[in-house]
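Below is the file model28.cif, which contains mmCIF, C-alpha atoms.
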data_entry
#
loop_
_atom_site.group_PDB
_atom_site.id
_atom_site.type_symbol
_atom_site.label_atom_id
_atom_site.label_comp_id
_atom_site.auth_asym_id
_atom_site.auth_seq_id
_atom_site.Cartn_x
_atom_site.Cartn_y
_atom_site.Cartn_z
ATOM 1 C CA MET A 15 -21.206 4.238 0.081
ATOM 2 C CA VAL A 16 -20.111 5.990 3.274
ATOM 3 C CA SER A 17 -19.445 3.818 6.328
ATOM 4 C CA PHE A 18 -21.465 5.124 9.241
ATOM 5 C CA LEU A 19 -20.163 5.581 12.761
ATOM 6 C CA GLU A 20 -22.071 4.418 15.824
ATOM 7 C CA PHE A 21 -23.529 7.847 16.604
ATOM 8 C CA GLU A 22 -24.682 8.220 12.983
ATOM 9 C CA LYS A 23 -27.214 5.350 13.148
ATOM 10 C CA PRO A 24 -30.311 7.612 12.801
ATOM 11 C CA ILE A 25 -28.733 9.192 9.704
ATOM 12 C CA ALA A 26 -27.879 5.756 8.316
ATOM 13 C CA GLU A 27 -31.483 4.604 8.742
ATOM 14 C CA LEU A 28 -32.841 7.623 6.867
ATOM 15 C CA GLU A 29 -30.343 7.263 4.031
ATOM 16 C CA ALA A 30 -31.079 3.520 3.757
ATOM 17 C CA ARG A 31 -34.769 4.364 3.442
ATOM 18 C CA ILE A 32 -33.979 6.868 0.689
ATOM 19 C CA VAL A 33 -32.017 4.227 -1.203
ATOM 20 C CA GLU A 34 -34.944 1.791 -0.900
ATOM 21 C CA LEU A 35 -37.431 4.359 -2.205
ATOM 22 C CA ARG A 36 -35.195 5.229 -5.149
ATOM 23 C CA ALA A 37 -34.922 1.545 -6.022
ATOM 24 C CA THR A 38 -38.720 1.219 -5.843
ATOM 25 C CA ALA A 39 -39.229 4.306 -8.005
ATOM 26 C CA SER A 40 -36.833 3.003 -10.650
ATOM 27 C CA VAL A 41 -38.839 -0.193 -11.288
ATOM 28 C CA GLY A 42 -42.410 1.033 -10.808
ATOM 29 C CA ASP A 43 -44.806 3.642 -12.101
ATOM 30 C CA ILE A 44 -45.412 5.227 -8.682
ATOM 31 C CA ASN A 45 -44.248 8.810 -8.320
ATOM 32 C CA ILE A 46 -42.631 9.113 -4.894
ATOM 33 C CA ASP A 47 -40.256 11.967 -5.684
ATOM 34 C CA GLY A 48 -41.939 14.136 -3.073
ATOM 35 C CA GLU A 49 -41.423 11.593 -0.308
ATOM 36 C CA ILE A 50 -37.797 11.090 -1.342
ATOM 37 C CA ALA A 51 -37.189 14.850 -1.311
ATOM 38 C CA THR A 52 -38.714 15.109 2.164
ATOM 39 C CA LEU A 53 -36.512 12.322 3.511
ATOM 40 C CA GLU A 54 -33.425 13.839 1.882
ATOM 41 C CA SER A 55 -34.181 17.146 3.551
ATOM 42 C CA ARG A 56 -34.636 15.424 6.920
ATOM 43 C CA ALA A 57 -31.402 13.470 6.487
ATOM 44 C CA ALA A 58 -29.429 16.590 5.545
ATOM 45 C CA LYS A 59 -30.775 18.497 8.557
ATOM 46 C CA LEU A 60 -30.089 15.599 10.906
ATOM 47 C CA LEU A 61 -26.546 15.314 9.568
ATOM 48 C CA SER A 62 -25.965 19.053 9.992
ATOM 49 C CA ASP A 63 -27.434 19.110 13.498
ATOM 50 C CA THR A 64 -25.447 16.046 14.567
ATOM 51 C CA TYR A 65 -22.106 17.400 13.357
ATOM 52 C CA ALA A 66 -22.763 20.826 14.864
ATOM 53 C CA LYS A 67 -22.635 19.369 18.372
ATOM 54 C CA LEU A 68 -20.168 16.480 18.285
ATOM 55 C CA THR A 69 -18.569 15.498 21.571
ATOM 56 C CA PRO A 70 -14.752 15.181 21.756
ATOM 57 C CA TRP A 71 -15.076 11.389 21.630
ATOM 58 C CA GLN A 72 -17.310 11.561 18.554
ATOM 59 C CA LYS A 73 -14.779 13.871 16.899
ATOM 60 C CA THR A 74 -12.115 11.292 17.723
ATOM 61 C CA GLN A 75 -14.127 8.684 15.828
ATOM 62 C CA VAL A 76 -14.560 11.029 12.854
ATOM 63 C CA ALA A 77 -10.829 11.845 12.858
ATOM 64 C CA ARG A 78 -10.089 8.114 12.643
ATOM 65 C CA HIS A 79 -12.675 7.331 9.975
ATOM 66 C CA ALA A 80 -11.092 4.906 7.497
ATOM 67 C CA GLU A 81 -12.488 6.823 4.518
ATOM 68 C CA ARG A 82 -11.003 10.212 5.413
ATOM 69 C CA PRO A 83 -8.501 11.448 2.815
ATOM 70 C CA HIS A 84 -4.960 10.204 3.325
ATOM 71 C CA PHE A 85 -1.585 11.656 2.376
ATOM 72 C CA LYS A 86 -1.714 10.251 -1.142
ATOM 73 C CA ASP A 87 -5.127 11.869 -1.659
ATOM 74 C CA TYR A 88 -3.841 15.281 -0.560
ATOM 75 C CA VAL A 89 -0.837 14.925 -2.851
ATOM 76 C CA ALA A 90 -3.088 14.039 -5.790
ATOM 77 C CA GLY A 91 -5.675 16.744 -5.099
ATOM 78 C CA MET A 92 -3.598 19.622 -3.759
ATOM 79 C CA PHE A 93 -0.129 19.382 -5.274
ATOM 80 C CA ASP A 94 1.347 19.046 -8.748
ATOM 81 C CA ASN A 95 4.573 17.408 -9.943
ATOM 82 C CA PHE A 96 5.140 15.475 -6.731
ATOM 83 C CA MET A 97 8.585 13.853 -6.710
ATOM 84 C CA PRO A 98 8.898 11.398 -3.792
ATOM 85 C CA LEU A 99 12.247 11.076 -2.055
ATOM 86 C CA ALA A 100 12.993 7.844 -0.201
ATOM 87 C CA GLY A 101 15.198 6.663 2.631
ATOM 88 C CA ASP A 102 17.031 8.114 5.609
ATOM 89 C CA ARG A 103 20.453 7.338 4.078
ATOM 90 C CA ALA A 104 21.287 5.302 7.166
ATOM 91 C CA PHE A 105 18.984 2.330 7.676
ATOM 92 C CA ALA A 106 15.843 2.061 5.522
ATOM 93 C CA ASP A 107 12.911 3.766 3.864
ATOM 94 C CA ASP A 108 9.981 4.033 6.283
ATOM 95 C CA GLN A 109 6.720 4.087 4.336
ATOM 96 C CA ALA A 110 4.790 5.502 7.318
ATOM 97 C CA ILE A 111 6.243 8.918 6.411
ATOM 98 C CA ILE A 112 6.333 10.010 2.784
ATOM 99 C CA GLY A 113 7.774 13.212 1.370
ATOM 100 C CA GLY A 114 9.195 14.946 -1.635
ATOM 101 C CA PHE A 115 9.279 18.021 -3.847
ATOM 102 C CA ALA A 116 5.956 19.345 -5.143
ATOM 103 C CA MET A 117 4.169 22.412 -6.487
ATOM 104 C CA LEU A 118 1.409 24.061 -4.458
ATOM 105 C CA GLY A 119 -0.104 26.328 -7.097
ATOM 106 C CA GLU A 120 2.852 28.380 -8.343
ATOM 107 C CA ARG A 121 4.896 27.730 -5.199
ATOM 108 C CA LYS A 122 7.634 25.071 -4.955
ATOM 109 C CA VAL A 123 7.488 23.253 -1.610
ATOM 110 C CA MET A 124 8.710 20.214 0.257
ATOM 111 C CA VAL A 125 5.699 18.202 1.413
ATOM 112 C CA ILE A 126 6.057 15.567 4.146
ATOM 113 C CA GLY A 127 3.353 13.562 5.878
ATOM 114 C CA HIS A 128 2.074 10.383 7.467
ATOM 115 C CA GLU A 129 0.371 7.785 5.291
ATOM 116 C CA LYS A 130 -1.920 5.288 7.046
ATOM 117 C CA GLY A 131 -3.041 3.311 3.989
ATOM 118 C CA ASP A 132 -6.611 2.621 2.914
ATOM 119 C CA ASP A 133 -6.859 -1.174 2.709
ATOM 120 C CA THR A 134 -5.298 -4.082 4.563
ATOM 121 C CA ALA A 135 -2.249 -4.440 2.314
ATOM 122 C CA SER A 136 -1.439 -0.726 2.212
ATOM 123 C CA ARG A 137 -2.031 -0.293 5.947
ATOM 124 C CA VAL A 138 0.499 -3.032 6.675
ATOM 125 C CA ARG A 139 2.951 -1.527 4.165
ATOM 126 C CA HIS A 140 2.631 1.930 5.751
ATOM 127 C CA ASN A 141 2.513 0.493 9.298
ATOM 128 C CA PHE A 142 -0.790 2.311 9.906
ATOM 129 C CA GLY A 143 1.030 5.651 9.798
ATOM 130 C CA MET A 144 3.163 4.826 12.859
ATOM 131 C CA ALA A 145 6.705 5.825 11.974
ATOM 132 C CA LYS A 146 9.942 4.236 13.136
ATOM 133 C CA PRO A 147 13.206 6.150 13.715
ATOM 134 C CA GLU A 148 14.153 5.884 10.050
ATOM 135 C CA GLY A 149 10.927 7.669 9.159
ATOM 136 C CA TYR A 150 11.760 10.670 11.331
ATOM 137 C CA ARG A 151 15.344 10.654 10.069
ATOM 138 C CA LYS A 152 13.996 10.727 6.524
ATOM 139 C CA ALA A 153 11.834 13.707 7.497
ATOM 140 C CA ILE A 154 14.916 15.450 8.931
ATOM 141 C CA ARG A 155 16.819 14.809 5.699
ATOM 142 C CA LEU A 156 14.007 16.269 3.612
ATOM 143 C CA MET A 157 13.608 19.322 5.859
ATOM 144 C CA GLU A 158 17.333 20.022 5.665
ATOM 145 C CA LEU A 159 17.182 19.608 1.888
ATOM 146 C CA ALA A 160 14.291 22.092 1.707
ATOM 147 C CA ASP A 161 16.251 24.545 3.860
ATOM 148 C CA ARG A 162 19.259 24.234 1.568
ATOM 149 C CA PHE A 163 17.163 25.095 -1.503
ATOM 150 C CA GLY A 164 15.005 27.740 0.185
ATOM 151 C CA LEU A 165 11.752 25.802 -0.165
ATOM 152 C CA PRO A 166 8.847 26.121 2.315
ATOM 153 C CA VAL A 167 7.949 22.918 4.171
ATOM 154 C CA VAL A 168 4.365 21.655 4.353
ATOM 155 C CA SER A 169 3.642 18.745 6.703
ATOM 156 C CA LEU A 170 0.427 16.737 6.895
ATOM 157 C CA VAL A 171 -0.004 15.019 10.252
ATOM 158 C CA ASP A 172 -2.170 11.907 10.622
ATOM 159 C CA THR A 173 -0.845 9.339 13.062
ATOM 160 C CA SER A 174 -1.938 7.660 16.254
ATOM 161 C CA GLY A 175 1.678 8.013 17.400
ATOM 162 C CA ALA A 176 5.173 6.750 16.739
ATOM 163 C CA PHE A 177 5.645 2.989 16.422
ATOM 164 C CA PRO A 178 6.002 1.553 19.968
ATOM 165 C CA GLY A 179 7.877 -1.637 19.044
ATOM 166 C CA VAL A 180 11.101 -2.941 20.529
ATOM 167 C CA GLN A 181 12.938 -2.524 17.215
ATOM 168 C CA ALA A 182 12.084 1.176 17.108
ATOM 169 C CA GLU A 183 13.346 1.699 20.639
ATOM 170 C CA GLU A 184 16.548 -0.177 19.822
ATOM 171 C CA ARG A 185 17.155 2.178 16.892
ATOM 172 C CA GLY A 186 16.629 5.330 18.966
ATOM 173 C CA GLN A 187 12.961 6.278 18.600
ATOM 174 C CA ALA A 188 12.973 9.036 21.222
ATOM 175 C CA GLU A 189 16.182 10.565 19.865
ATOM 176 C CA ALA A 190 14.841 10.537 16.307
ATOM 177 C CA ILE A 191 11.599 12.262 17.358
ATOM 178 C CA ALA A 192 13.522 14.875 19.353
ATOM 179 C CA ARG A 193 15.855 15.596 16.458
ATOM 180 C CA SER A 194 12.955 15.844 14.013
ATOM 181 C CA THR A 195 11.241 18.357 16.310
ATOM 182 C CA GLU A 196 14.536 20.256 16.560
ATOM 183 C CA ALA A 197 14.881 20.224 12.759
ATOM 184 C CA CYS A 198 11.438 21.849 12.434
ATOM 185 C CA LEU A 199 12.398 24.598 14.888
ATOM 186 C CA LYS A 200 15.757 25.262 13.200
ATOM 187 C CA LEU A 201 14.372 25.722 9.676
ATOM 188 C CA GLY A 202 15.228 28.993 7.978
ATOM 189 C CA VAL A 203 12.265 28.609 5.625
ATOM 190 C CA PRO A 204 8.524 28.842 6.370
ATOM 191 C CA MET A 205 6.877 25.698 7.710
ATOM 192 C CA ILE A 206 3.140 25.011 7.784
ATOM 193 C CA ALA A 207 1.795 21.911 9.566
ATOM 194 C CA ALA A 208 -1.759 20.616 9.201
ATOM 195 C CA VAL A 209 -3.338 17.998 11.457
ATOM 196 C CA VAL A 210 -5.693 16.285 9.009
ATOM 197 C CA GLY A 211 -6.864 13.337 11.124
ATOM 198 C CA GLU A 212 -5.166 12.144 14.292
ATOM 199 C CA GLY A 213 -2.288 14.079 15.775
ATOM 200 C CA GLY A 214 -0.926 11.630 18.296
ATOM 201 C CA SER A 215 1.887 12.254 20.777
ATOM 202 C CA GLY A 216 5.523 12.799 19.784
ATOM 203 C CA GLY A 217 4.840 11.080 16.496
ATOM 204 C CA ALA A 218 2.810 14.142 15.520
ATOM 205 C CA ILE A 219 4.831 16.983 17.060
ATOM 206 C CA ALA A 220 7.946 15.683 15.271
ATOM 207 C CA LEU A 221 6.381 17.009 12.049
ATOM 208 C CA ALA A 222 4.334 19.836 13.553
ATOM 209 C CA ALA A 223 6.706 22.271 15.289
ATOM 210 C CA ALA A 224 5.859 24.785 12.573
ATOM 211 C CA ASN A 225 5.325 28.523 12.150
ATOM 212 C CA ARG A 226 1.628 27.877 11.669
ATOM 213 C CA VAL A 227 -0.295 24.812 12.828
ATOM 214 C CA LEU A 228 -3.646 24.157 11.154
ATOM 215 C CA MET A 229 -6.268 21.587 12.096
ATOM 216 C CA PHE A 230 -9.269 20.228 10.296
ATOM 217 C CA GLU A 231 -12.539 20.966 12.062
ATOM 218 C CA HIS A 232 -13.014 17.362 13.180
ATOM 219 C CA ALA A 233 -9.361 16.377 13.676
ATOM 220 C CA ILE A 234 -7.827 15.679 17.086
ATOM 221 C CA TYR A 235 -4.395 16.488 18.535
ATOM 222 C CA SER A 236 -3.172 15.137 21.866
ATOM 223 C CA VAL A 237 -0.174 13.973 23.865
ATOM 224 C CA ILE A 238 -1.688 10.482 24.209
ATOM 225 C CA SER A 239 -4.726 8.713 22.781
ATOM 226 C CA PRO A 240 -7.959 8.903 24.811
ATOM 227 C CA GLU A 241 -7.776 5.131 25.286
ATOM 228 C CA GLY A 242 -4.189 5.366 26.528
ATOM 229 C CA CYS A 243 -5.071 8.151 28.931
ATOM 230 C CA ALA A 244 -8.080 6.215 30.249
ATOM 231 C CA SER A 245 -5.958 3.093 30.737
ATOM 232 C CA ILE A 246 -3.497 5.077 32.870
ATOM 233 C CA LEU A 247 -6.009 7.077 34.916
ATOM 234 C CA TRP A 248 -8.881 4.619 35.279
ATOM 235 C CA ARG A 249 -7.160 1.320 34.421
ATOM 236 C CA THR A 250 -9.710 0.753 31.633
ATOM 237 C CA ALA A 251 -10.036 1.941 28.051
ATOM 238 C CA ASP A 252 -13.811 2.029 28.549
ATOM 239 C CA LYS A 253 -13.377 5.546 29.946
ATOM 240 C CA ALA A 254 -11.933 6.839 26.647
ATOM 241 C CA SER A 255 -14.908 9.144 26.133
ATOM 242 C CA ASP A 256 -14.315 10.815 29.509
ATOM 243 C CA ALA A 257 -10.600 11.081 28.744
ATOM 244 C CA ALA A 258 -11.222 12.742 25.367
ATOM 245 C CA THR A 259 -13.392 15.364 27.049
ATOM 246 C CA ALA A 260 -10.910 16.018 29.864
ATOM 247 C CA MET A 261 -7.909 16.206 27.504
ATOM 248 C CA GLN A 262 -9.523 18.849 25.249
ATOM 249 C CA VAL A 263 -8.305 17.144 22.078
ATOM 250 C CA THR A 264 -10.500 19.009 19.562
ATOM 251 C CA ALA A 265 -9.496 21.797 17.196
ATOM 252 C CA GLN A 266 -11.913 24.163 18.904
ATOM 253 C CA HIS A 267 -10.346 23.604 22.334
ATOM 254 C CA LEU A 268 -6.791 23.802 21.018
ATOM 255 C CA LYS A 269 -7.423 27.011 19.094
ATOM 256 C CA GLY A 270 -8.632 28.596 22.322
ATOM 257 C CA LEU A 271 -5.506 27.391 24.141
ATOM 258 C CA GLY A 272 -3.191 28.761 21.457
ATOM 259 C CA VAL A 273 -1.821 25.338 20.524
ATOM 260 C CA ILE A 274 -3.008 25.707 16.923
ATOM 261 C CA ASP A 275 -3.449 28.794 14.765
ATOM 262 C CA ARG A 276 -6.288 28.024 12.368
ATOM 263 C CA ILE A 277 -9.251 25.675 12.048
ATOM 264 C CA VAL A 278 -9.945 24.481 8.498
ATOM 265 C CA PRO A 279 -13.655 23.815 7.864
ATOM 266 C CA GLU A 280 -14.774 20.394 6.697
ATOM 267 C CA PRO A 281 -17.820 19.574 4.550
ATOM 268 C CA VAL A 282 -20.945 18.767 6.561
ATOM 269 C CA GLY A 283 -20.556 15.203 7.789
ATOM 270 C CA GLY A 284 -16.756 15.239 7.753
ATOM 271 C CA ALA A 285 -13.963 15.208 5.190
ATOM 272 C CA HIS A 286 -14.732 11.598 4.250
ATOM 273 C CA ARG A 287 -18.127 12.623 2.815
ATOM 274 C CA ASP A 288 -16.660 15.151 0.373
ATOM 275 C CA PRO A 289 -12.881 14.712 0.079
ATOM 276 C CA VAL A 290 -12.580 17.052 -2.927
ATOM 277 C CA THR A 291 -14.010 20.013 -1.000
ATOM 278 C CA ALA A 292 -12.015 19.155 2.132
ATOM 279 C CA ILE A 293 -8.747 19.002 0.185
ATOM 280 C CA ALA A 294 -9.544 22.284 -1.596
ATOM 281 C CA ASN A 295 -10.259 23.973 1.754
ATOM 282 C CA LEU A 296 -6.958 22.782 3.186
ATOM 283 C CA GLY A 297 -4.987 23.806 0.102
ATOM 284 C CA ALA A 298 -6.406 27.331 0.238
ATOM 285 C CA ALA A 299 -5.647 27.627 3.962
ATOM 286 C CA ILE A 300 -2.043 26.438 3.555
ATOM 287 C CA ASP A 301 -1.475 28.792 0.626
ATOM 288 C CA ALA A 302 -2.839 31.727 2.640
ATOM 289 C CA GLU A 303 -0.610 30.938 5.619
ATOM 290 C CA LEU A 304 2.475 30.606 3.412
ATOM 291 C CA ALA A 305 1.644 33.956 1.811
ATOM 292 C CA SER A 306 1.483 35.555 5.268
ATOM 293 C CA LEU A 307 5.093 34.459 5.886
ATOM 294 C CA ASP A 308 6.467 35.709 2.571
ATOM 295 C CA GLY A 309 9.314 38.137 2.999
ATOM 296 C CA LEU A 310 10.414 36.944 6.441
ATOM 297 C CA GLY A 311 14.100 36.056 6.695
ATOM 298 C CA ALA A 312 15.548 32.946 8.310
ATOM 299 C CA ASP A 313 16.158 34.555 11.704
ATOM 300 C CA ALA A 314 12.674 36.083 11.778
ATOM 301 C CA LEU A 315 11.081 32.730 10.927
ATOM 302 C CA ARG A 316 13.023 30.944 13.683
ATOM 303 C CA THR A 317 12.084 33.643 16.195
ATOM 304 C CA ASP A 318 8.435 33.500 15.112
ATOM 305 C CA ARG A 319 8.426 29.743 15.605
ATOM 306 C CA ALA A 320 10.139 29.900 18.985
ATOM 307 C CA ASP A 321 7.833 32.659 20.251
ATOM 308 C CA LYS A 322 4.781 30.669 19.199
ATOM 309 C CA PHE A 323 5.708 27.558 21.183
ATOM 310 C CA LEU A 324 7.123 29.390 24.209
ATOM 311 C CA ALA A 325 3.843 31.279 24.523
ATOM 312 C CA ILE A 326 1.762 28.102 24.873
ATOM 313 C CA GLY A 327 0.610 27.727 28.458
ATOM 314 C CA ALA A 328 2.154 31.033 29.558
#

Would you put the structure from the file into structure tokens?
Amino acid sequence: MVSFLEFEKPIAELEARIVELRATASVGDINIDGEIATLESRAAKLLSDTYAKLTPWQKTQVARHAERPHFKDYVAGMFDNFMPLAGDRAFADDQAIIGGFAMLGERKVMVIGHEKGDDTASRVRHNFGMAKPEGYRKAIRLMELADRFGLPVVSLVDTSGAFPGVQAEERGQAEAIARSTEACLKLGVPMIAAVVGEGGSGGAIALAAANRVLMFEHAIYSVISPEGCASILWRTADKASDAATAMQVTAQHLKGLGVIDRIVPEPVGGAHRDPVTAIANLGAAIDAELASLDGLGADALRTDRADKFLAIGA
């Protein structure tokens, strides 16, 4: 059963009532199919109306929903023959970033992305998707490997940001993020990045300096979290809702600003309500964007990428 967010309480109450009526109908002789159908119609309309006018803060909550698809779900539903590659060949294998060879339809690609985990044990193992320097150095290694073999790079971004711990800083966190961003920009093969949940700070851009940047309809992408921004500006995280609005973190805002290139539609109620459809939508969008870059040489791809980012804010 779907976990409901705070603003979805009216929807939750209707759906709970529907469940109760179905349970009653299953053990009695009373025909209440008509009442159930009416409530289902009301619930569907309320869900559609609610998600048609989400505030930036509500979209932030949807983007962070624990039941949204994660990297492993996209790999299972969108790619075939995934062959994971581990380690940065220098320090360790960071499980917050996973990558490897895969097939997207008939196209061989290198897929790299953040994995947050979906239960307590896996979230700890993947460090909640917050990568350390070795994670970004692994990403660099895989991007360079893809470049060597002429394979397009697909990155799936879903992180609240890079790991802020002392150990990460000691091992050169800022340098690793900068070099990962540089590696994206230097690629002589097409690169498509998709923000599928949270796109937080340098931890996101390190995998998203791509020819085309896609975002799910209810994803967010920002230089700092709304809570972090509120803590700096107002000295309290309670102003996170105001910060989210002021920062224009939504796909709709960012498309208008030229930060992203395409918004990928989600099923009504968010990707967590129908992961299969959401994953199919994203796969089709990535395939279309890769097709649009077919035939471009290495220099043209680098120029395209540079022009895209230099034009932001001009």

Q: Any chance you could resolve the PyMOL selection byres ((chain A and resi 175) around 10) against this file and give the residues as a ChimeraX atom specification?
A: /A:142-145,172-174,176-178,212-219,236-239

(Q) Between CA of Gly179 in chain A and CA of Ala220 in chain A, what distance in Å does the model show, to one decimal? (A)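 So the answer is 17.7 Å.
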
Taking (3.9, 22.2, 9.7) in the file's own coordinates, collect the residues within 8 Å, counting only C-alpha atoms, and hand them back as a short mmCIF file (atom, residue, chain, number, x, y, z; two decimals) with C-alpha atoms, in the coordinates of the input.
data_model
loop_
_atom_site.label_atom_id
_atom_site.label_comp_id
_atom_site.auth_asym_id
_atom_site.auth_seq_id
_atom_site.Cartn_x
_atom_site.Cartn_y
_atom_site.Cartn_z
CA VAL A 167 7.95 22.92 4.17
CA VAL A 168 4.36 21.66 4.35
CA SER A 169 3.64 18.74 6.70
CA LEU A 170 0.43 16.74 6.90
CA MET A 205 6.88 25.70 7.71
CA ILE A 206 3.14 25.01 7.78
CA ALA A 207 1.80 21.91 9.57
CA ALA A 208 -1.76 20.62 9.20
CA LEU A 221 6.38 17.01 12.05
CA ALA A 222 4.33 19.84 13.55
CA ALA A 223 6.71 22.27 15.29
CA ALA A 224 5.86 24.78 12.57
CA ASN A 225 5.32 28.52 12.15
CA ARG A 226 1.63 27.88 11.67
CA VAL A 227 -0.30 24.81 12.83
CA LEU A 228 -3.65 24.16 11.15
#

Q. Once the PyMOL selection byres ((chain A and resi 283) around 9) has been applied to the shown file, what residues remain in the selection, as an MDAnalysis selection string?
A. chainID A and resid 61:62 64:65 76 280:282 284:288

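Closest approach to Arg139 in chain A among A:Ala110, A:Ala305, A:Leu268, A:Leu201 is made by A:Ala110 (distances from only C-alpha atoms).
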
As a check of understanding, name the residues that the PyMOL selection byres ((chain A and resi 265) around 12) selects in the supplied structure, as a tab-separated table (two decimals) with C-alpha atoms, in the frame of the given file.
chain	number	residue	atom	x	y	z
A	68	LEU	CA	-20.17	16.48	18.28
A	69	THR	CA	-18.57	15.50	21.57
A	70	PRO	CA	-14.75	15.18	21.76
A	73	LYS	CA	-14.78	13.87	16.90
A	74	THR	CA	-12.12	11.29	17.72
A	77	ALA	CA	-10.83	11.84	12.86
A	208	ALA	CA	-1.76	20.62	9.20
A	209	VAL	CA	-3.34	18.00	11.46
A	210	VAL	CA	-5.69	16.28	9.01
A	211	GLY	CA	-6.86	13.34	11.12
A	212	GLU	CA	-5.17	12.14	14.29
A	213	GLY	CA	-2.29	14.08	15.78
A	227	VAL	CA	-0.30	24.81	12.83
A	228	LEU	CA	-3.65	24.16	11.15
A	229	MET	CA	-6.27	21.59	12.10
A	230	PHE	CA	-9.27	20.23	10.30
A	231	GLU	CA	-12.54	20.97	12.06
A	232	HIS	CA	-13.01	17.36	13.18
A	233	ALA	CA	-9.36	16.38	13.68
A	234	ILE	CA	-7.83	15.68	17.09
A	235	TYR	CA	-4.39	16.49	18.54
A	236	SER	CA	-3.17	15.14	21.87
A	261	MET	CA	-7.91	16.21	27.50
A	262	GLN	CA	-9.52	18.85	25.25
A	263	VAL	CA	-8.30	17.14	22.08
A	264	THR	CA	-10.50	19.01	19.56
A	266	GLN	CA	-11.91	24.16	18.90
A	267	HIS	CA	-10.35	23.60	22.33
A	268	LEU	CA	-6.79	23.80	21.02
A	269	LYS	CA	-7.42	27.01	19.09
A	270	GLY	CA	-8.63	28.60	22.32
A	271	LEU	CA	-5.51	27.39	24.14
A	272	GLY	CA	-3.19	28.76	21.46
A	273	VAL	CA	-1.82	25.34	20.52
A	274	ILE	CA	-3.01	25.71	16.92
A	275	ASP	CA	-3.45	28.79	14.76
A	276	ARG	CA	-6.29	28.02	12.37
A	277	ILE	CA	-9.25	25.68	12.05
A	278	VAL	CA	-9.94	24.48	8.50
A	279	PRO	CA	-13.66	23.82	7.86
A	280	GLU	CA	-14.77	20.39	6.70

Q) What does the distance from CA of Glu49 in chain A to CA of Phe21 in chain A come to in Å, to one decimal? A)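 Distance reported for this atom pair: 24.9 Å.
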
Q: Would you mind reading off the distance between CA of Gly114 in chain A and CA of Ala100 in chain A, one decimal, in Å?
A: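 Interatomic distance, CA of Gly114 in chain A to CA of Ala100 in chain A: 8.2 Å.
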
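Near (-15.2, 11.5, 29.6), the residues inside the 12 Å limit, counting all atoms listed in the file, come to Thr69, Pro70, Trp71, Gln72, Pro240, Glu241, Cys243, Ala244, Leu247, Trp248, Ala251, Asp252, Lys253, Ala254, Ser255, Asp256, Ala257, Ala258, Thr259, Ala260, Met261, Gln262 and Val263 of chain A.
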
Find the residues of range 90-129 of chain A that sit at most 10 Å from range 151-157 of chain A; for each, write down the nearest two atoms and how far apart they are in Å, to one decimal. Count only C-alpha atoms. Sort by chain, then by number going up, and give it as a tab-separated table.
residue	atom	partner	partner_atom	distance
A:Leu99	CA	A:Leu156	CA	7.9
A:Ala100	CA	A:Lys152	CA	7.4
A:Gly101	CA	A:Lys152	CA	5.8
A:Asp102	CA	A:Lys152	CA	4.1
A:Arg103	CA	A:Lys152	CA	7.7
A:Ala104	CA	A:Arg151	CA	8.5
A:Phe105	CA	A:Arg151	CA	9.4
A:Ala106	CA	A:Lys152	CA	8.9
A:Asp107	CA	A:Lys152	CA	7.5
A:Asp108	CA	A:Lys152	CA	7.8
A:Ile111	CA	A:Ala153	CA	7.4
A:Ile112	CA	A:Ala153	CA	8.1
A:Gly113	CA	A:Leu156	CA	7.3
A:Gly114	CA	A:Leu156	CA	7.2
A:Phe115	CA	A:Leu156	CA	9.0
A:Met124	CA	A:Leu156	CA	7.4
A:Val125	CA	A:Leu156	CA	8.8
A:Ile126	CA	A:Ala153	CA	6.9
A:Gly127	CA	A:Ala153	CA	8.6

Q) Given the choices A:Leu19, A:Leu35, A:Ala302, A:Ala325, which gets closest to His79 in chain A if the distance is worked out from only C-alpha atoms? A) A:Leu19

Rows by chain and residue number, range 214-297 of chain A within 12 Å of range 84-94 of chain A, shortest pair, all atoms listed in the file, as a Markdown table:
| residue | atom | partner | partner_atom | distance |
| --- | --- | --- | --- | --- |
| A:Ala285 | CA | A:His84 | CA | 10.5 |
| A:His286 | CA | A:His84 | CA | 9.9 |
| A:Pro289 | CA | A:Asp87 | CA | 8.4 |
| A:Val290 | CA | A:Gly91 | CA | 7.2 |
| A:Thr291 | CA | A:Gly91 | CA | 9.8 |
| A:Ala292 | CA | A:Tyr88 | CA | 9.4 |
| A:Ile293 | CA | A:Tyr88 | CA | 6.2 |
| A:Ala294 | CA | A:Met92 | CA | 6.9 |
| A:Asn295 | CA | A:Met92 | CA | 9.7 |
| A:Leu296 | CA | A:Met92 | CA | 8.3 |
| A:Gly297 | CA | A:Met92 | CA | 5.9 |

Written file, previous selection with C-alpha atoms, as a compact mmCIF listing (two decimals), in the coordinates of the input:
# COMPACT_ATOMS: atom_id res chain seq x y z
CA ALA A 285 -13.96 15.21 5.19
CA HIS A 286 -14.73 11.60 4.25
CA PRO A 289 -12.88 14.71 0.08
CA VAL A 290 -12.58 17.05 -2.93
CA THR A 291 -14.01 20.01 -1.00
CA ALA A 292 -12.02 19.16 2.13
CA ILE A 293 -8.75 19.00 0.18
CA ALA A 294 -9.54 22.28 -1.60
CA ASN A 295 -10.26 23.97 1.75
CA LEU A 296 -6.96 22.78 3.19
CA GLY A 297 -4.99 23.81 0.10
